[in-house]
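Student: Dropping in protein.txt, which is compact mmCIF, C-alpha atoms:
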# COMPACT_ATOMS: atom_id res chain seq x y z
CA MET A 925 71.37 139.30 176.12
CA THR A 926 68.61 141.87 175.78
CA GLY A 927 66.01 139.09 176.07
CA ALA A 928 66.99 138.39 179.67
CA LEU A 929 67.01 142.09 180.57
CA ILE A 930 63.59 142.70 179.05
CA SER A 931 62.25 139.67 180.88
CA ALA A 932 63.63 140.87 184.20
CA PHE A 933 61.99 144.25 183.56
CA ARG A 934 58.68 142.73 182.47
CA ARG A 935 58.52 140.36 185.41
CA ASP A 936 58.84 143.24 187.88
CA VAL A 937 56.26 145.34 186.06
CA LEU A 938 53.79 142.46 185.78
CA GLN A 939 54.28 141.54 189.42
CA ALA A 940 53.70 145.15 190.45
CA TRP A 941 50.62 145.39 188.25
CA ARG A 942 49.13 142.40 190.06
CA ARG A 943 49.93 144.06 193.40
CA ARG A 944 48.79 147.55 192.54
CA ALA A 945 48.04 148.39 196.17
CA ASP A 946 51.76 148.41 197.02
CA TRP A 947 52.58 151.06 194.47
CA LEU A 948 49.42 153.09 194.89
CA THR A 949 50.18 153.57 198.59
CA THR A 950 53.52 155.19 197.71
CA PHE A 951 51.83 157.42 195.19
CA PHE A 952 49.06 158.53 197.54
CA PHE A 953 51.59 159.05 200.32
CA PHE A 954 53.21 161.64 198.07
CA VAL A 955 49.88 163.29 197.25
CA ILE A 956 48.78 163.45 200.88
CA VAL A 957 52.07 164.73 202.32
CA VAL A 958 52.17 167.51 199.74
CA SER A 959 48.51 168.40 200.37
CA LEU A 960 49.05 168.65 204.14
CA PHE A 961 51.43 171.59 203.89
CA PRO A 962 48.99 174.25 202.70
CA LEU A 963 46.66 173.18 205.51
CA GLY A 964 49.44 173.32 208.07
CA VAL A 965 51.24 176.53 207.19
CA GLY A 966 48.19 178.57 206.20
CA PRO A 967 46.92 179.93 202.89
CA GLU A 968 49.44 182.76 202.43
CA PRO A 969 49.97 182.71 198.60
CA ALA A 970 53.44 184.27 198.53
CA MET A 971 54.80 181.95 201.20
CA LEU A 972 53.28 178.85 199.61
CA LYS A 973 54.80 179.76 196.30
CA THR A 974 58.32 180.03 197.72
CA MET A 975 57.95 176.82 199.72
CA ALA A 976 56.41 174.75 196.93
CA PRO A 977 59.56 173.37 195.24
CA GLY A 978 61.10 172.27 198.52
CA ILE A 979 57.92 170.62 199.75
CA LEU A 980 57.29 168.74 196.52
CA TRP A 981 60.85 167.56 196.32
CA VAL A 982 61.13 166.44 199.95
CA ALA A 983 57.85 164.56 199.61
CA ALA A 984 59.20 162.89 196.47
CA LEU A 985 62.34 161.79 198.35
CA LEU A 986 60.29 160.29 201.16
CA ALA A 987 57.92 158.53 198.76
CA ALA A 988 60.83 157.10 196.75
CA MET A 989 62.37 155.84 199.97
CA LEU A 990 59.18 154.13 201.09
CA SER A 991 59.20 151.97 197.99
CA LEU A 992 62.85 150.89 198.33
CA PRO A 993 62.55 147.86 200.64
CA ARG A 994 60.36 146.15 198.04
CA VAL A 995 62.88 146.34 195.19
CA TYR A 996 65.09 143.47 196.35
CA GLY A 997 63.31 142.44 199.56
CA THR A 998 60.79 140.04 198.03
CA ASP A 999 63.40 138.65 195.62
CA TYR A 1000 65.64 137.97 198.58
CA GLN A 1001 62.92 136.22 200.56
CA ASP A 1002 61.55 134.00 197.81
CA GLY A 1003 64.90 132.93 196.35
CA THR A 1004 64.60 134.84 193.07
CA LEU A 1005 67.74 136.77 193.94
CA GLU A 1006 69.85 133.59 193.97
CA GLN A 1007 68.63 132.87 190.47
CA LEU A 1008 69.46 136.39 189.29
CA VAL A 1009 72.99 136.11 190.67
CA LEU A 1010 73.44 132.74 188.93
CA ALA A 1011 72.07 133.94 185.60
CA PRO A 1012 74.61 134.07 182.76
CA GLU A 1013 73.73 137.75 182.29
CA PRO A 1014 76.02 140.19 184.14
CA LEU A 1015 74.31 141.06 187.42
CA PRO A 1016 74.76 144.86 187.03
CA MET A 1017 72.75 144.69 183.79
CA LEU A 1018 69.91 142.83 185.51
CA VAL A 1019 70.06 145.40 188.32
CA LEU A 1020 69.75 148.13 185.69
CA ALA A 1021 66.63 146.48 184.25
CA LYS A 1022 65.08 146.17 187.70
CA THR A 1023 65.91 149.77 188.55
CA VAL A 1024 64.26 151.04 185.38
CA ALA A 1025 61.15 149.04 186.32
CA HIS A 1026 61.24 150.53 189.81
CA TRP A 1027 61.48 154.06 188.44
CA LEU A 1028 58.62 153.48 186.02
CA LEU A 1029 56.40 152.36 188.89
CA SER A 1030 57.46 154.70 191.67
CA GLY A 1031 59.26 157.71 190.17
CA LEU A 1032 57.43 158.46 186.94
CA PRO A 1033 53.97 158.74 188.55
CA LEU A 1034 55.36 161.33 190.99
CA ALA A 1035 56.79 163.42 188.14
CA LEU A 1036 53.49 163.26 186.28
CA MET A 1037 51.44 164.17 189.35
CA ALA A 1038 53.69 166.97 190.61
CA PRO A 1039 52.45 169.72 188.21
CA VAL A 1040 48.86 169.09 189.34
CA LEU A 1041 49.91 169.38 192.98
CA GLY A 1042 51.97 172.45 192.13
CA LEU A 1043 48.75 174.25 191.22
CA GLN A 1044 47.72 174.04 194.87
CA PHE A 1045 50.70 176.20 195.71
CA GLY A 1046 49.95 178.81 193.09
CA LEU A 1047 52.74 177.76 190.75
CA ASP A 1048 51.97 178.34 187.10
CA GLY A 1049 53.44 178.31 183.63
CA GLU A 1050 57.18 177.87 183.45
CA PRO A 1051 57.84 176.92 187.09
CA LEU A 1052 55.34 174.07 186.71
CA ALA A 1053 57.07 172.84 183.56
CA VAL A 1054 60.48 173.04 185.23
CA LEU A 1055 59.11 171.18 188.26
CA PHE A 1056 58.05 168.38 185.95
CA TRP A 1057 61.38 168.24 184.13
CA SER A 1058 63.40 168.37 187.34
CA LEU A 1059 61.44 165.43 188.76
CA LEU A 1060 61.68 163.54 185.48
CA LEU A 1061 65.48 163.84 185.65
CA GLY A 1062 65.73 163.51 189.41
CA THR A 1063 63.48 160.55 190.27
CA PRO A 1064 65.61 158.03 188.31
CA CYS A 1065 68.61 159.21 190.38
CA LEU A 1066 66.58 158.42 193.49
CA SER A 1067 65.89 154.90 192.19
CA PHE A 1068 69.53 154.28 191.28
CA ILE A 1069 71.00 155.62 194.53
CA GLY A 1070 68.25 154.04 196.60
CA GLY A 1071 68.91 150.65 195.02
CA VAL A 1072 72.39 150.60 196.56
CA GLY A 1073 70.93 151.30 200.00
CA ALA A 1074 68.19 148.69 199.53
CA ALA A 1075 70.77 146.07 198.54
CA LEU A 1076 73.07 146.93 201.45
CA THR A 1077 70.31 146.53 204.04
CA LEU A 1078 68.99 143.18 202.75
CA GLY A 1079 68.46 140.69 205.53
CA VAL A 1080 69.23 143.27 208.21
CA ARG A 1081 66.72 143.60 211.02
CA GLY A 1082 65.10 147.03 211.00
CA GLY A 1083 66.35 147.50 207.44
CA GLY A 1084 63.59 149.98 206.68
CA VAL A 1085 64.89 152.62 209.06
CA LEU A 1086 68.50 151.88 208.22
CA VAL A 1087 67.86 152.40 204.52
CA ALA A 1088 66.49 155.87 205.33
CA LEU A 1089 69.62 156.78 207.30
CA LEU A 1090 71.86 155.48 204.53
CA VAL A 1091 70.07 156.88 201.55
CA LEU A 1092 68.61 160.23 202.58
CA PRO A 1093 72.03 161.94 202.96
CA LEU A 1094 72.97 160.69 199.49
CA TYR A 1095 69.79 162.26 198.12
CA ILE A 1096 70.91 165.76 199.17
CA PRO A 1097 72.55 166.81 195.86
CA VAL A 1098 69.48 165.71 193.91
CA LEU A 1099 67.25 167.65 196.30
CA ILE A 1100 69.36 170.81 196.03
CA PHE A 1101 69.51 170.87 192.24
CA GLY A 1102 65.91 169.71 191.81
CA ALA A 1103 64.27 172.22 194.12
CA GLY A 1104 66.85 174.82 193.07
CA ALA A 1105 65.79 174.55 189.43
CA VAL A 1106 62.22 175.52 190.24
CA GLU A 1107 63.28 178.37 192.52
CA ALA A 1108 65.71 179.64 189.91
CA VAL A 1109 63.05 179.90 187.25
CA ALA A 1110 60.67 181.56 189.71
CA THR A 1111 63.26 184.24 190.50
CA GLY A 1112 64.04 184.67 186.82
CA THR A 1113 67.61 183.33 186.59
CA GLY A 1114 66.77 180.34 184.40
CA ALA A 1115 66.83 176.66 185.27
CA ALA A 1116 69.23 175.37 182.61
CA GLY A 1117 72.22 175.14 184.97
CA HIS A 1118 70.35 173.21 187.64
CA LEU A 1119 68.77 170.86 185.14
CA SER A 1120 72.17 170.15 183.55
CA LEU A 1121 73.58 169.28 186.96
CA LEU A 1122 70.60 166.98 187.59
CA GLY A 1123 71.33 165.33 184.26
CA ALA A 1124 74.92 164.86 185.34
CA CYS A 1125 73.74 163.27 188.61
CA LEU A 1126 71.57 160.92 186.56
CA CYS A 1127 74.42 159.89 184.25
CA LEU A 1128 76.76 159.31 187.15
CA SER A 1129 74.30 157.28 189.22
CA ALA A 1130 73.13 155.26 186.21
CA VAL A 1131 76.69 154.25 185.40
CA LEU A 1132 78.02 153.61 188.91
CA SER A 1133 75.13 152.43 191.04
CA PRO A 1134 74.33 149.15 189.20
CA TRP A 1135 77.86 147.93 189.95
CA ALA A 1136 77.67 148.94 193.59
CA THR A 1137 74.20 147.40 193.93
CA ALA A 1138 75.33 144.15 192.30
CA ALA A 1139 78.30 143.91 194.66
CA ALA A 1140 76.04 144.52 197.67
CA LEU A 1141 73.57 141.86 196.49
CA ARG A 1142 76.34 139.29 196.15
CA VAL A 1143 77.52 140.03 199.68
CA ALA A 1144 73.96 139.75 201.00
CA LEU A 1145 73.68 136.21 199.59
CA GLU A 1146 76.99 134.84 200.81
CA MET B 1267 63.16 112.80 176.64
CA PRO B 1268 65.65 114.89 174.62
CA ALA B 1269 69.20 114.53 175.77
CA ALA B 1270 70.94 116.98 178.05
CA SER B 1271 74.03 118.06 176.22
CA ALA B 1272 76.79 115.71 177.26
CA PRO B 1273 80.01 117.65 177.10
CA ALA B 1274 82.91 115.38 176.35
CA ASP B 1275 85.21 118.11 175.18
CA ARG B 1276 87.71 117.14 177.82
CA ALA B 1277 88.71 113.96 179.53
CA GLY B 1278 88.42 113.85 183.30
CA PRO B 1279 85.68 114.68 185.77
CA MET B 1280 83.19 117.45 184.98
CA LEU B 1281 83.05 118.67 188.54
CA GLU B 1282 85.96 118.62 190.93
CA ALA B 1283 86.21 119.87 194.49
CA ILE B 1284 89.69 120.18 195.90
CA ASP B 1285 90.42 120.52 199.60
CA LEU B 1286 87.29 122.54 200.38
CA ALA B 1287 86.72 124.08 203.79
CA CYS B 1288 83.67 126.01 204.94
CA MET B 1289 83.09 128.21 207.98
CA ARG B 1290 79.72 129.41 209.18
CA GLY B 1291 80.26 132.21 211.66
CA ASP B 1292 82.98 130.81 213.91
CA ALA B 1293 82.03 127.19 213.38
CA LEU B 1294 83.98 124.97 211.03
CA LEU B 1295 81.49 122.90 209.02
CA PHE B 1296 83.88 120.78 206.98
CA ARG B 1297 87.46 120.79 205.77
CA GLN B 1298 89.75 118.86 203.47
CA LEU B 1299 86.78 117.83 201.41
CA SER B 1300 87.74 116.57 197.96
CA PHE B 1301 85.63 114.72 195.42
CA ALA B 1302 85.04 114.46 191.71
CA VAL B 1303 81.89 113.81 189.72
CA GLU B 1304 82.04 112.33 186.23
CA ALA B 1305 79.52 112.85 183.47
CA GLY B 1306 76.47 110.64 184.06
CA GLU B 1307 76.78 110.53 187.84
CA VAL B 1308 74.66 111.63 190.78
CA LEU B 1309 76.38 112.82 193.93
CA TRP B 1310 74.19 112.30 196.97
CA ILE B 1311 75.34 114.42 199.89
CA GLU B 1312 74.25 112.95 203.20
CA GLY B 1313 74.60 114.17 206.73
CA ALA B 1314 72.67 115.31 209.77
CA ASN B 1315 71.17 118.80 210.02
CA GLY B 1316 73.76 121.53 210.27
CA THR B 1317 76.68 119.59 208.82
CA GLY B 1318 77.00 121.97 205.89
CA LYS B 1319 75.09 120.29 203.06
CA THR B 1320 73.40 123.46 201.87
CA SER B 1321 76.60 125.45 202.34
CA LEU B 1322 78.42 122.94 200.15
CA LEU B 1323 75.78 123.23 197.44
CA ARG B 1324 76.03 127.02 197.51
CA ILE B 1325 79.81 126.80 197.18
CA LEU B 1326 79.48 124.45 194.19
CA ALA B 1327 77.01 126.86 192.56
CA GLY B 1328 79.39 129.76 193.09
CA LEU B 1329 76.97 131.62 195.37
CA SER B 1330 79.42 131.78 198.24
CA PRO B 1331 83.18 131.36 198.22
CA PRO B 1332 84.78 128.48 200.16
CA GLU B 1333 86.97 129.33 203.13
CA ARG B 1334 89.74 127.55 201.30
CA GLY B 1335 90.13 125.13 198.44
CA GLU B 1336 88.77 125.28 194.95
CA VAL B 1337 85.86 124.10 192.83
CA ARG B 1338 86.56 123.24 189.22
CA TRP B 1339 83.94 122.98 186.54
CA ARG B 1340 85.16 121.29 183.35
CA GLY B 1341 88.69 121.77 184.57
CA GLN B 1342 88.42 125.50 185.18
CA GLY B 1343 88.51 127.11 188.60
CA LEU B 1344 85.29 128.93 189.51
CA SER B 1345 87.06 132.22 190.06
CA ARG B 1346 87.95 132.32 186.35
CA GLY B 1347 85.48 129.94 184.76
CA ARG B 1348 82.37 131.39 186.33
CA ASP B 1349 80.73 132.16 182.99
CA ALA B 1350 81.11 128.57 181.83
CA LEU B 1351 79.47 127.34 185.02
CA ARG B 1352 76.56 129.77 184.79
CA ALA B 1353 75.68 128.65 181.30
CA ASP B 1354 75.55 125.04 182.53
CA VAL B 1355 74.15 125.06 186.04
CA LEU B 1356 70.59 124.73 187.20
CA TYR B 1357 70.33 125.53 190.90
CA LEU B 1358 67.27 124.71 192.91
CA GLY B 1359 67.72 125.86 196.48
CA HIS B 1360 65.39 125.28 199.37
CA LEU B 1361 63.59 128.46 198.31
CA ASN B 1362 61.38 127.96 195.28
CA ALA B 1363 62.14 131.27 193.55
CA LEU B 1364 58.52 131.61 192.44
CA LYS B 1365 56.66 134.91 192.33
CA ASP B 1366 53.41 134.64 194.28
CA ASP B 1367 51.39 136.85 191.97
CA LEU B 1368 52.45 135.27 188.69
CA THR B 1369 50.99 132.05 187.33
CA VAL B 1370 52.92 128.79 187.12
CA VAL B 1371 53.44 129.22 183.38
CA GLU B 1372 54.55 132.85 183.69
CA ASN B 1373 57.02 131.92 186.40
CA LEU B 1374 58.55 129.21 184.25
CA ARG B 1375 58.71 131.47 181.21
CA PHE B 1376 60.47 134.29 183.06
CA HIS B 1377 62.89 131.84 184.66
CA ALA B 1378 63.84 130.43 181.28
CA ALA B 1379 64.29 133.86 179.73
CA ILE B 1380 66.41 135.25 182.56
CA ALA B 1381 68.51 132.12 182.99
CA GLY B 1382 68.93 132.00 179.23
CA TYR B 1383 67.72 128.54 178.23
CA PRO B 1384 65.30 128.13 175.34
CA ALA B 1385 61.69 127.54 176.32
CA ASP B 1386 58.86 127.68 173.80
CA ALA B 1387 55.25 127.36 174.86
CA GLY B 1388 55.24 123.64 174.02
CA ALA B 1389 58.22 122.91 176.26
CA ILE B 1390 56.62 124.73 179.16
CA ASP B 1391 53.29 122.94 178.70
CA GLU B 1392 55.12 119.65 178.65
CA ALA B 1393 56.98 120.51 181.84
CA VAL B 1394 53.78 121.56 183.61
CA SER B 1395 52.15 118.26 182.65
CA ALA B 1396 55.24 116.34 183.72
CA VAL B 1397 54.83 117.61 187.29
CA GLY B 1398 51.06 117.11 187.19
CA LEU B 1399 50.01 120.75 187.41
CA GLU B 1400 48.01 121.00 184.13
CA SER B 1401 44.88 122.06 185.95
CA ARG B 1402 46.78 124.72 187.91
CA ARG B 1403 48.88 126.13 185.09
CA ASP B 1404 47.15 129.52 184.97
CA LEU B 1405 46.62 130.03 188.68
CA PRO B 1406 48.81 132.41 190.65
CA VAL B 1407 51.39 130.54 192.69
CA ARG B 1408 50.01 132.16 195.87
CA VAL B 1409 46.98 129.80 195.87
CA LEU B 1410 49.02 126.60 195.48
CA SER B 1411 49.85 124.26 198.33
CA GLN B 1412 53.40 123.79 199.58
CA GLY B 1413 53.87 120.58 197.60
CA GLN B 1414 52.41 122.08 194.44
CA ARG B 1415 54.77 125.03 194.70
CA ARG B 1416 57.70 122.68 194.98
CA ARG B 1417 56.46 120.85 191.91
CA ALA B 1418 56.12 124.13 190.01
CA ALA B 1419 59.73 124.96 190.91
CA LEU B 1420 60.85 121.47 189.89
CA ALA B 1421 59.17 121.86 186.49
CA ARG B 1422 62.28 123.84 185.54
CA LEU B 1423 64.12 120.52 185.40
CA TRP B 1424 61.91 119.55 182.46
CA VAL B 1425 62.19 122.92 180.72
CA ALA B 1426 65.95 123.33 181.01
CA GLN B 1427 66.96 120.37 178.88
CA SER B 1428 70.22 122.01 177.88
CA ARG B 1429 71.62 122.39 181.40
CA PRO B 1430 73.96 119.50 182.24
CA PHE B 1431 74.70 120.38 185.89
CA TRP B 1432 71.91 120.20 188.44
CA ILE B 1433 72.28 121.31 192.03
CA LEU B 1434 69.22 120.29 194.02
CA ASP B 1435 68.69 121.10 197.69
CA GLU B 1436 66.15 118.69 199.17
CA PRO B 1437 64.25 118.23 195.90
CA PHE B 1438 62.07 115.45 197.32
CA ALA B 1439 60.84 117.35 200.37
CA ALA B 1440 57.07 118.01 200.48
CA LEU B 1441 56.40 115.85 197.39
CA ASP B 1442 53.74 113.14 197.17
CA VAL B 1443 54.62 109.58 196.14
CA THR B 1444 53.75 110.05 192.45
CA SER B 1445 55.85 113.19 192.19
CA VAL B 1446 58.80 111.50 193.88
CA ASP B 1447 58.67 108.76 191.24
CA ARG B 1448 58.43 111.28 188.41
CA LEU B 1449 61.41 113.19 189.74
CA SER B 1450 63.45 109.99 190.14
CA ASP B 1451 62.68 109.11 186.52
CA ARG B 1452 63.66 112.56 185.32
CA LEU B 1453 66.89 112.33 187.30
CA ALA B 1454 67.69 108.94 185.77
CA ALA B 1455 67.04 110.29 182.27
CA HIS B 1456 69.24 113.30 182.99
CA VAL B 1457 72.27 111.31 184.10
CA GLY B 1458 71.54 108.71 181.41
CA ALA B 1459 72.05 111.48 178.88
CA GLY B 1460 75.40 112.42 180.40
CA GLY B 1461 74.33 115.15 182.80
CA ILE B 1462 75.39 115.31 186.43
CA ALA B 1463 73.42 116.10 189.56
CA VAL B 1464 74.46 117.00 193.08
CA LEU B 1465 71.65 116.70 195.60
CA THR B 1466 70.77 116.38 199.24
CA THR B 1467 67.87 114.43 200.65
CA HIS B 1468 66.89 112.77 203.89
CA GLN B 1469 64.41 110.50 202.19
CA GLU B 1470 65.12 106.99 200.96
CA VAL B 1471 64.44 107.46 197.28
CA ALA B 1472 65.37 105.43 194.24
CA LEU B 1473 68.40 107.19 192.83
CA PRO B 1474 69.85 105.83 189.58
CA ALA B 1475 71.47 102.53 190.52
CA GLY B 1476 75.17 102.17 189.81
CA ARG B 1477 75.45 105.86 188.94
CA THR B 1478 75.02 107.30 192.40
CA ARG B 1479 77.96 108.21 194.54
CA ARG B 1480 77.48 109.04 198.22
CA LEU B 1481 79.29 111.69 200.19
CA ARG B 1482 78.80 111.80 203.92
CA LEU B 1483 79.34 115.03 205.83
CA ASP B 1484 79.96 114.57 209.51
CA ALA B 1485 80.20 117.10 212.24
CA PRO B 1486 83.93 117.75 212.77
Would you write the structure of this file as structure tokens?
Tutor:
Amino acid sequence: MTGALISAFRRDVLQAWRRRADWLTTFFFFVIVVSLFPLGVGPEPAMLKTMAPGILWVAALLAAMLSLPRVYGTDYQDGTLEQLVLAPEPLPMLVLAKTVAHWLLSGLPLALMAPVLGLQFGLDGEPLAVLFWSLLLGTPCLSFIGGVGAALTLGVRGGGVLVALLVLPLYIPVLIFGAGAVEAVATGTGAAGHLSLLGACLCLSAVLSPWATAAALRVALE
Amino acid sequence: MPAASAPADRAGPMLEAIDLACMRGDALLFRQLSFAVEAGEVLWIEGANGTGKTSLLRILAGLSPPERGEVRWRGQGLSRGRDALRADVLYLGHLNALKDDLTVVENLRFHAAIAGYPADAGAIDEAVSAVGLESRRDLPVRVLSQGQRRRAALARLWVAQSRPFWILDEPFAALDVTSVDRLSDRLAAHVGAGGIAVLTTHQEVALPAGRTRRLRLDAP
């Protein structure tokens, strides 16, 4: 059983490695959007510091969303999806493997890059560390929740815009707890509560979303 | 050619379709369609474009549910016996299911691992030679021609020796004469070993004589 899951994961990672440009664009989109804000709102240190968590988190949401159409889109077009649905492995498990691959390629780089970008906003020490941890817990939620939206919009014309309308509202809790964690530590109340809630979001989405995604994929193929 | 496992655990046809009906949008494609396929038989589905050949294949594979009626694999309805079918079926749709950026060999290896049939390096090499792609084995699929891609997809028929039930949608399309002959031979060996195959084609090809049953779909 695990052999099939590892293969599904490795195929996506290998494919993405051969098409690095696709994933690098998402990553640089994040870097550029975040870097635009200090230029736009002016170099007022106190203001930048208070805005930083929100900006970094909203940019992460948008970057995660940009990468969503690729998760199942190419599989749908080239027929790989039919083969996944027909595999003896339960489809939700294969979806889980693909989602982990998606997070590794699109979410993890954002979490790793965020502390560096945070320096631009004058964040330091503990807020930077909490920013990293909040994104490390939050970006997998984005991949899990986004996968449902990506599967629902398969084969729909203008699916790219539709996926944004579907998925962005569902990202709101993750945004609130993620950005809230950094603000909380900056104001001295401690981030443990927010991070725990993010962890809860992650558990919930990891357990539920593969089933919802699998159901949506089956409907898309009928 | 090693034998496809010939399941004789139960008397009666391996594949049965009972009173199938299929709608596409508002159009009725076929209804009251019943047939049975025994071990060692090929079912050739004929019919003009748009008469529901591909839809029928997708119903048999369990990809889409029929409007009414039932498909039985080894005597079990698909709604309950889906796991049994998935361990036995090899579906080759009109899409090749190949990843453009992976090589022919990588594609075959991932397919085998995900679909869960054994495939060591030797078996894959053999399959690649069988479809005449030895010189292209390590090239990304993106640089292959249409016919070569189809052959790469068809190589799965040589790798998946343990799958008794083939569903092939236009397997002969885009193939050159040599490849058509190779595929016919492989098909004959497959049914000779007790496997079954359901396929569609518009070409006049040599299907195993005496083992081929024809099913004509007509516009209602």
Student: I need the contact residues of chain B against chain A, so if you could list those with any atom within 7 Å, counting all atoms listed in the file, and return them as JSON, numbers by chain, that would help.
Tutor: {"B": [1329, 1330, 1349, 1352, 1353, 1361, 1362, 1363, 1364, 1367, 1368, 1376, 1379, 1380, 1381, 1382]}
Student: Could you list, as a PyMOL selection string, every residue within 12 Å of segment 1105-1112 of chain A, counting all atoms listed in the file and ignoring same-chain residues fewer than 5 positions away?
Tutor: chain A and resi 970+973-981+1039+1042+1046-1059+1061-1062+1098-1100+1117-1123
Student: One number please: atom CA of Arg1429 of chain B to atom CA of Thr1023 of chain A, in Å, one decimal.
Tutor: 28.9 Å
Student: Please identify all polymer residues lying at most 12 Å from the point (55.5, 126.0, 193.7) (file coordinates), using only C-alpha atoms, and present the result as a PyMOL selection string.
Tutor: (chain A and resi 1002-1003) or (chain B and resi 1358+1360-1371+1373-1374+1394+1397-1399+1402-1403+1405-1422+1437+1440-1441)
Student: In Å, rounded to a single decimal, give me how far atom CA of Ser991 of chain A is from atom CA of Thr950 of chain A.
Tutor: 6.5 Å
Student: Write out as a list in words each polymer residue whose atoms come within 10 Å of Val1355 of chain B, counting all atoms listed in the file; drop sequence neighbours fewer than 5 positions from it.
Tutor: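 The filter keeps Leu1010, Ala1011 and Pro1012 of chain A; Leu1326, Ala1327, Gly1328, Ala1350, Ala1381, Ala1426, Ser1428, Arg1429, Pro1430, Phe1431, Trp1432, Ile1433, Ile1462 and Ala1463 of chain B.
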Student: Go ahead and compute the interatomic distance for atom CA of Asp1292 of chain B and atom CA of Gly997 of chain A, in Å to one decimal.
Tutor: 27.0 Å
Student: Hey, which of B:Asp1451, B:Glu1333, B:Asp1354, B:Asp1442 ends up closest to Leu1294 of chain B? Count all atoms listed in the file.
Tutor: B:Glu1333
Student: Taking (85.6, 127.3, 192.1) in the file's own coordinates, collect the residues within 12 Å, counting only C-alpha atoms, and hand them back as number ranges by chain.
Tutor: B: 1281-1286, 1322-1352
Student: Tell me, as a list in words, which residues lie within 12 Å of Val957 of chain A, counting all atoms listed in the file; anything in the same chain fewer than 2 positions away does not count.
Tutor: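 Those residues are Thr949, Thr950, Phe951, Phe952, Phe953, Phe954, Val955, Ser959, Leu960, Phe961, Pro962, Leu963, Gly964, Ile979, Leu980, Trp981, Val982, Ala983, Ala984, Leu985, Leu986, Ala987 and Leu1041 of chain A.
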Student: Mind running segment 1300-1403 of chain B against segment 1467-1470 of chain B at 9 Å and telling me each contacting residue's nearest atom pair with the distance in Å (one decimal), counting all atoms listed in the file, chain and number ascending, as JSON lines?
Tutor:
{"residue": "B:Trp1310", "atom": "CA", "partner": "B:Thr1467", "partner_atom": "CA", "distance": 7.6}
{"residue": "B:Ile1311", "atom": "CA", "partner": "B:Thr1467", "partner_atom": "CA", "distance": 7.5}
{"residue": "B:Glu1312", "atom": "CA", "partner": "B:Thr1467", "partner_atom": "CA", "distance": 7.0}
{"residue": "B:Gly1313", "atom": "CA", "partner": "B:His1468", "partner_atom": "CA", "distance": 8.3}
{"residue": "B:Ala1314", "atom": "CA", "partner": "B:His1468", "partner_atom": "CA", "distance": 8.6}
Student: From the options A:Ala1035, A:Ala1138, A:Leu1128, A:Leu1015, which residue's atoms come nearest to Gly1073 of chain A, counting only C-alpha atoms?
Tutor: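 Checking each candidate against Gly1073 of chain A, we get A:Ala1138 as the closest.
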